[in-house]
Amino acid sequence: MNAFDRETLDALFDELQREWHGKHQLDRLIRDAHLAIALHDANRPLGQDIDPWVAALIHRHSSSD
Amino acid sequence: MPKAVSHIITRPGRTHGDPDVEIPVAEDLVTEPGNPVREEDLSYYGREHPIEAHFIENSADREWLWTVYTPEFAEWRRRHEERERPLAEAGEVSGDIAPTSEPQPDIDVTESIRAKARELGFGETGFTRYDRRYTYTSRKRWVKFTHAICLALEQDYAATQTLPSEESEHAHFGTYEIEEAYCLELAKHIRSLGYHAQIHGHSDSSAPYIPLFVSAGLGQLGANGQLLSPHFGSRARLMVITTDAPVTHDEPIDYGINQFCENCQVCVNRCPSNALAKDKVWWRGAKKNKVSYKRCRPIMGRYDGCAICMKTCPVQRYGMKPVMEHYVATGEVLGKGTHNLEGYTLKDKGYFGPKEKPHFDKGFFDIPRGKEEDWLFEKFKERMAKEGAPPDGEAADFANVVKEAIDKSHSKVGQVEPQQ
């Protein structure tokens, strides 16, 4: 599994912003996304605390590595 | 390689009403509660060589900052100062205001104050002795009370991750505006319990606050010179209220940060101007990674507050619990070596991924130093050496400029405290 590069990170956060901008969940999802990216990059399981929408986002973008 | 756990620290959740969190500390990260201190050195320096507030000691570069701001940001800062001035002025005289009820000396009001602080929105609250050995020379006669209430307010998470940027600077200064208002409310609450409350602000700080926060168990000093607290890392803005209320002091805690920072070193390696030191030194009785102010300030001023050391700290980015859990599980630093944690962009230099850093010419670091009046004298002397004595009347004009600089250097609003 490859660590996220800069371009993929930009695309991932762009998608997150497009979907959740202006909604109250945005802050929590950004926090979750940063943690999920770090766990992904370290080849660790994301765990139950990561929001399912973020987990799916990570999976989608990691598949496009 | 997995690590054995020495102890587990239980702390309140990030926001009011959140469940407690448990932070495991690996055996090989254990050093001591708080940060290493030599009490006799601390007492000696506090007595014989007390420190002075940054805004007085470094008034020359404070003026310089305004010359490198964009017009838009300068205007934003001016508006910020207008908003902040009445709050800071109210804090300045807060210790003189009488309590609004009779005290009940047999009742410990610690938990009442802590609960009110959490309700207001403070993420971390702790109690300790106000240690006067850290007090700035110009504030020694101002501080009235013996107990310190340490209050940390979280800065916006998403904006902080955009560092360095004007967006993150708005979050930085904006957090202080909110915090000062919260402190005024908390001071009212303390007075309603029958006691005095003196607000120690950020622009008129009475001392470096981090040692107080460490003593109150709210975190440990990181290699980036910032308080690393459980939920925010260094993404918190710190203020203090001192009081004569009977409170119970908290104890310093070993979160494992002293050793973790030695292993991690991401902030040290990513600092664009190499202002952070790899190794700790003893400084005025404290063992710490001493920040090089002369290398930090030029980049901080020119690049929206910089704070790449804050941005790239894994404890700031992910929180202490996931970072320590990852360390226990793997023996590694979460995020280290990745673009997500270590990458940053400087506005005129572009993007720098892990192991990439910008280059600056030597002249980049040549900015006004020390007190504004001393800097003016230096420039005046240099000019006289080149051109001889000034024409009639110019010496008097110079004296007026120096006087103005001295007066301005004691104006407290509008300071940008450096890392400690």
# chains A, B, ... in the order shown; residues from 1 in each chain; ligands from 1
>>> interface_residues(of="chain B", to="chain A", cutoff="8 Å", atoms="only C-alpha atoms", output="PyMOL selection string")
chain B and resi 157-158+317-318+334-335+338-341+343
>>> write_last_selection(atoms="C-alpha atoms", output="PDB file, in the first residue's frame")
ATOM      1  CA  TYR B 157      -8.567  22.738  13.527  1.00  0.00           C
ATOM      2  CA  ALA B 158      -9.072  23.008   9.780  1.00  0.00           C
ATOM      3  CA  ARG B 317      -2.469  16.973  13.919  1.00  0.00           C
ATOM      4  CA  TYR B 318      -3.869  13.729  15.316  1.00  0.00           C
ATOM      5  CA  LEU B 334       2.356   8.442  13.391  1.00  0.00           C
ATOM      6  CA  GLY B 335       2.561  10.404  10.147  1.00  0.00           C
ATOM      7  CA  THR B 338       4.414  11.398   4.913  1.00  0.00           C
ATOM      8  CA  HIS B 339       3.267  14.226   2.671  1.00  0.00           C
ATOM      9  CA  ASN B 340       0.156  14.694   4.763  1.00  0.00           C
ATOM     10  CA  LEU B 341       2.060  15.530   7.949  1.00  0.00           C
ATOM     11  CA  GLY B 343       4.399  18.729   3.422  1.00  0.00           C
TER      12      GLY B 343
END
>>> select_by_dssp(residues="region 149-392 of chain B", states="alpha helix (DSSP H)", output="VMD selection string")
chain B and resid 157 to 160 166 to 192 210 to 215 257 to 264 266 to 270 293 to 302 308 to 311 314 to 318 320 to 330 339 to 342 372 to 387
>>> residues_around(residues="Glu19 (chain A)", least_positions_apart="5", cutoff="12 Å", atoms="only C-alpha atoms", output="list of chain:residue names")
A:Leu12, A:Phe13, A:Asp14, A:His24, A:Gln25, A:Leu26, A:Leu29, A:Ile30, A:Trp53, A:Val54, A:Leu57
>>> write_last_selection(atoms="N, CA and C atoms", output="tab-separated table (two decimals), in the first residue's frame")
chain	number	residue	atom	x	y	z
A	12	LEU	N	-8.41	14.37	-2.51
A	12	LEU	CA	-9.21	13.82	-1.39
A	12	LEU	C	-9.86	14.95	-0.59
A	13	PHE	N	-9.07	15.94	-0.23
A	13	PHE	CA	-9.63	17.03	0.58
A	13	PHE	C	-10.57	17.92	-0.25
A	14	ASP	N	-10.31	18.03	-1.56
A	14	ASP	CA	-11.24	18.78	-2.42
A	14	ASP	C	-12.61	18.11	-2.39
A	24	HIS	N	-22.28	21.26	9.47
A	24	HIS	CA	-21.65	21.24	10.80
A	24	HIS	C	-20.70	20.05	10.98
A	25	GLN	N	-20.85	19.03	10.14
A	25	GLN	CA	-19.98	17.84	10.29
A	25	GLN	C	-18.56	18.08	9.76
A	26	LEU	N	-18.36	19.18	9.03
A	26	LEU	CA	-17.10	19.36	8.30
A	26	LEU	C	-15.87	19.25	9.21
A	29	LEU	N	-15.12	15.72	10.26
A	29	LEU	CA	-14.69	14.88	9.13
A	29	LEU	C	-13.26	15.21	8.69
A	30	ILE	N	-12.90	16.49	8.77
A	30	ILE	CA	-11.51	16.85	8.42
A	30	ILE	C	-10.54	16.23	9.43
A	53	TRP	N	-18.09	7.61	6.18
A	53	TRP	CA	-17.95	8.37	4.93
A	53	TRP	C	-16.47	8.64	4.65
A	54	VAL	N	-15.71	8.97	5.71
A	54	VAL	CA	-14.28	9.23	5.55
A	54	VAL	C	-13.55	7.94	5.18
A	57	LEU	N	-14.03	7.37	1.65
A	57	LEU	CA	-13.23	8.35	0.89
A	57	LEU	C	-11.76	7.91	0.81
>>> residues_around(residues="Ile97 (chain B)", least_positions_apart="5", cutoff="10 Å", atoms="only C-alpha atoms", output="ChimeraX atom specification")
/B:187-188,191,195-198
>>> write_last_selection(atoms="N, CA and C atoms", output="PDB file, in the first residue's frame")
ATOM      1  N   ALA B 187     -13.886  35.338  35.180  1.00  0.00           N
ATOM      2  CA  ALA B 187     -13.519  36.213  36.300  1.00  0.00           C
ATOM      3  C   ALA B 187     -14.770  36.652  37.061  1.00  0.00           C
ATOM      4  N   LYS B 188     -15.844  36.934  36.326  1.00  0.00           N
ATOM      5  CA  LYS B 188     -17.121  37.303  36.984  1.00  0.00           C
ATOM      6  C   LYS B 188     -17.604  36.161  37.874  1.00  0.00           C
ATOM      7  N   ARG B 191     -15.614  36.035  41.023  1.00  0.00           N
ATOM      8  CA  ARG B 191     -16.038  37.095  41.946  1.00  0.00           C
ATOM      9  C   ARG B 191     -17.372  36.755  42.607  1.00  0.00           C
ATOM     10  N   TYR B 195     -14.399  35.876  45.522  1.00  0.00           N
ATOM     11  CA  TYR B 195     -12.945  36.029  45.432  1.00  0.00           C
ATOM     12  C   TYR B 195     -12.548  36.951  44.284  1.00  0.00           C
ATOM     13  N   HIS B 196     -11.280  37.364  44.323  1.00  0.00           N
ATOM     14  CA  HIS B 196     -10.729  38.217  43.271  1.00  0.00           C
ATOM     15  C   HIS B 196     -10.260  37.360  42.088  1.00  0.00           C
ATOM     16  N   ALA B 197     -10.186  37.994  40.932  1.00  0.00           N
ATOM     17  CA  ALA B 197      -9.693  37.306  39.732  1.00  0.00           C
ATOM     18  C   ALA B 197      -8.955  38.309  38.858  1.00  0.00           C
ATOM     19  N   GLN B 198      -7.716  38.005  38.536  1.00  0.00           N
ATOM     20  CA  GLN B 198      -6.903  38.892  37.701  1.00  0.00           C
ATOM     21  C   GLN B 198      -6.575  38.173  36.391  1.00  0.00           C
TER      22      GLN B 198
END
>>> residues_around(residues="region 66-75 of chain B", least_positions_apart="6", cutoff="10 Å", atoms="only C-alpha atoms", output="PyMOL selection string")
chain B and resi 81+166+169-170+298+301-304
>>> residues_around(residues="Trp64 (chain B)", least_positions_apart="6", cutoff="12 Å", atoms="only C-alpha atoms", output="JSON, numbers by chain")
{"B": [58, 297, 298, 300, 301, 302, 366, 367, 368, 369, 370, 371, 372, 375]}
>>> atom_distance(atom1="CA of Lys362 (chain B)", atom2="CA of Ala275 (chain B)")
13.9 Å
>>> atom_distance(atom1="CA of Lys294 (chain B)", atom2="CA of Ser43 (chain B)")
26.7 Å
>>> residues_around(residues="Pro211 (chain B)", least_positions_apart="4", cutoff="12 Å", atoms="only C-alpha atoms", output="PyMOL selection string")
chain B and resi 34-37+42+128-135+148+150+207+215-222+225-228+238+240+252+285-288+420
>>> decode(residues="region 2-50 of chain A", atoms="N, CA and C atoms", output="short mmCIF file (atom, residue, chain, number, x, y, z; two decimals), in the first residue's frame")
data_model
loop_
_atom_site.label_atom_id
_atom_site.label_comp_id
_atom_site.auth_asym_id
_atom_site.auth_seq_id
_atom_site.Cartn_x
_atom_site.Cartn_y
_atom_site.Cartn_z
N ASN A 2 0.63 2.17 -0.95
CA ASN A 2 1.44 3.38 -1.04
C ASN A 2 0.91 4.47 -0.12
N ALA A 3 1.84 5.30 0.40
CA ALA A 3 1.42 6.48 1.16
C ALA A 3 0.83 7.49 0.18
N PHE A 4 -0.09 8.30 0.64
CA PHE A 4 -0.71 9.32 -0.21
C PHE A 4 0.32 10.35 -0.65
N ASP A 5 0.31 10.68 -1.95
CA ASP A 5 1.17 11.76 -2.41
C ASP A 5 0.38 13.08 -2.40
N ARG A 6 1.06 14.14 -2.73
CA ARG A 6 0.43 15.45 -2.60
C ARG A 6 -0.81 15.59 -3.48
N GLU A 7 -0.73 15.14 -4.72
CA GLU A 7 -1.85 15.29 -5.66
C GLU A 7 -3.07 14.53 -5.16
N THR A 8 -2.85 13.32 -4.67
CA THR A 8 -3.98 12.52 -4.18
C THR A 8 -4.60 13.18 -2.94
N LEU A 9 -3.74 13.72 -2.08
CA LEU A 9 -4.26 14.40 -0.88
C LEU A 9 -5.11 15.60 -1.28
N ASP A 10 -4.64 16.37 -2.26
CA ASP A 10 -5.42 17.53 -2.70
C ASP A 10 -6.79 17.09 -3.23
N ALA A 11 -6.79 16.03 -4.01
CA ALA A 11 -8.05 15.54 -4.59
C ALA A 11 -8.98 15.05 -3.48
N LEU A 12 -8.41 14.37 -2.51
CA LEU A 12 -9.21 13.82 -1.39
C LEU A 12 -9.86 14.95 -0.59
N PHE A 13 -9.07 15.94 -0.23
CA PHE A 13 -9.63 17.03 0.58
C PHE A 13 -10.57 17.92 -0.25
N ASP A 14 -10.31 18.03 -1.56
CA ASP A 14 -11.24 18.78 -2.42
C ASP A 14 -12.61 18.11 -2.39
N GLU A 15 -12.60 16.78 -2.50
CA GLU A 15 -13.87 16.05 -2.50
C GLU A 15 -14.59 16.22 -1.17
N LEU A 16 -13.83 16.14 -0.08
CA LEU A 16 -14.43 16.30 1.25
C LEU A 16 -15.06 17.69 1.39
N GLN A 17 -14.34 18.70 0.92
CA GLN A 17 -14.86 20.07 1.01
C GLN A 17 -16.11 20.25 0.14
N ARG A 18 -16.06 19.71 -1.08
CA ARG A 18 -17.21 19.84 -1.99
C ARG A 18 -18.47 19.26 -1.35
N GLU A 19 -18.30 18.13 -0.70
CA GLU A 19 -19.44 17.41 -0.16
C GLU A 19 -19.99 18.03 1.13
N TRP A 20 -19.07 18.58 1.96
CA TRP A 20 -19.48 18.95 3.32
C TRP A 20 -19.32 20.43 3.65
N HIS A 21 -18.86 21.24 2.71
CA HIS A 21 -18.65 22.66 2.98
C HIS A 21 -19.94 23.30 3.51
N GLY A 22 -19.81 24.04 4.62
CA GLY A 22 -20.97 24.74 5.19
C GLY A 22 -21.81 23.88 6.10
N LYS A 23 -21.47 22.59 6.21
CA LYS A 23 -22.26 21.71 7.09
C LYS A 23 -21.51 21.51 8.41
N HIS A 24 -22.28 21.26 9.47
CA HIS A 24 -21.65 21.24 10.80
C HIS A 24 -20.70 20.05 10.98
N GLN A 25 -20.85 19.03 10.14
CA GLN A 25 -19.98 17.84 10.29
C GLN A 25 -18.56 18.08 9.76
N LEU A 26 -18.36 19.18 9.03
CA LEU A 26 -17.10 19.36 8.30
C LEU A 26 -15.87 19.25 9.21
N ASP A 27 -15.90 19.94 10.33
CA ASP A 27 -14.72 19.96 11.22
C ASP A 27 -14.37 18.53 11.66
N ARG A 28 -15.37 17.79 12.11
CA ARG A 28 -15.11 16.41 12.58
C ARG A 28 -14.58 15.54 11.44
N LEU A 29 -15.12 15.72 10.26
CA LEU A 29 -14.69 14.88 9.13
C LEU A 29 -13.26 15.21 8.69
N ILE A 30 -12.90 16.49 8.77
CA ILE A 30 -11.51 16.85 8.42
C ILE A 30 -10.54 16.23 9.43
N ARG A 31 -10.91 16.30 10.71
CA ARG A 31 -10.06 15.65 11.74
C ARG A 31 -9.93 14.16 11.45
N ASP A 32 -11.07 13.53 11.19
CA ASP A 32 -11.06 12.08 10.91
C ASP A 32 -10.21 11.77 9.68
N ALA A 33 -10.32 12.63 8.67
CA ALA A 33 -9.58 12.37 7.42
C ALA A 33 -8.08 12.41 7.65
N HIS A 34 -7.61 13.38 8.41
CA HIS A 34 -6.17 13.45 8.68
C HIS A 34 -5.69 12.21 9.42
N LEU A 35 -6.46 11.80 10.43
CA LEU A 35 -6.06 10.61 11.19
C LEU A 35 -6.12 9.36 10.31
N ALA A 36 -7.17 9.26 9.51
CA ALA A 36 -7.32 8.08 8.66
C ALA A 36 -6.19 8.00 7.62
N ILE A 37 -5.80 9.14 7.10
CA ILE A 37 -4.68 9.16 6.13
C ILE A 37 -3.40 8.66 6.81
N ALA A 38 -3.17 9.13 8.03
CA ALA A 38 -1.94 8.72 8.75
C ALA A 38 -1.96 7.22 9.03
N LEU A 39 -3.11 6.71 9.43
CA LEU A 39 -3.21 5.26 9.71
C LEU A 39 -3.04 4.46 8.41
N HIS A 40 -3.66 4.95 7.34
CA HIS A 40 -3.50 4.29 6.04
C HIS A 40 -2.03 4.27 5.63
N ASP A 41 -1.38 5.43 5.75
CA ASP A 41 0.03 5.54 5.34
C ASP A 41 0.94 4.63 6.17
N ALA A 42 0.50 4.33 7.41
CA ALA A 42 1.29 3.47 8.30
C ALA A 42 0.86 2.00 8.19
N ASN A 43 0.00 1.71 7.21
CA ASN A 43 -0.52 0.33 7.04
C ASN A 43 -1.23 -0.18 8.28
N ARG A 44 -1.95 0.71 8.95
CA ARG A 44 -2.72 0.31 10.14
C ARG A 44 -4.20 0.32 9.80
N PRO A 45 -4.99 -0.50 10.47
CA PRO A 45 -6.45 -0.45 10.27
C PRO A 45 -7.01 0.89 10.73
N LEU A 46 -8.06 1.37 10.06
CA LEU A 46 -8.62 2.67 10.42
C LEU A 46 -9.37 2.64 11.74
N GLY A 47 -9.90 1.49 12.11
CA GLY A 47 -10.61 1.38 13.38
C GLY A 47 -12.04 1.88 13.29
N GLN A 48 -12.77 1.69 14.39
CA GLN A 48 -14.21 1.97 14.41
C GLN A 48 -14.52 3.45 14.61
N ASP A 49 -13.54 4.22 15.07
CA ASP A 49 -13.83 5.62 15.41
C ASP A 49 -13.86 6.53 14.19
N ILE A 50 -13.31 6.07 13.07
CA ILE A 50 -13.31 6.90 11.86
C ILE A 50 -14.69 6.86 11.21
#
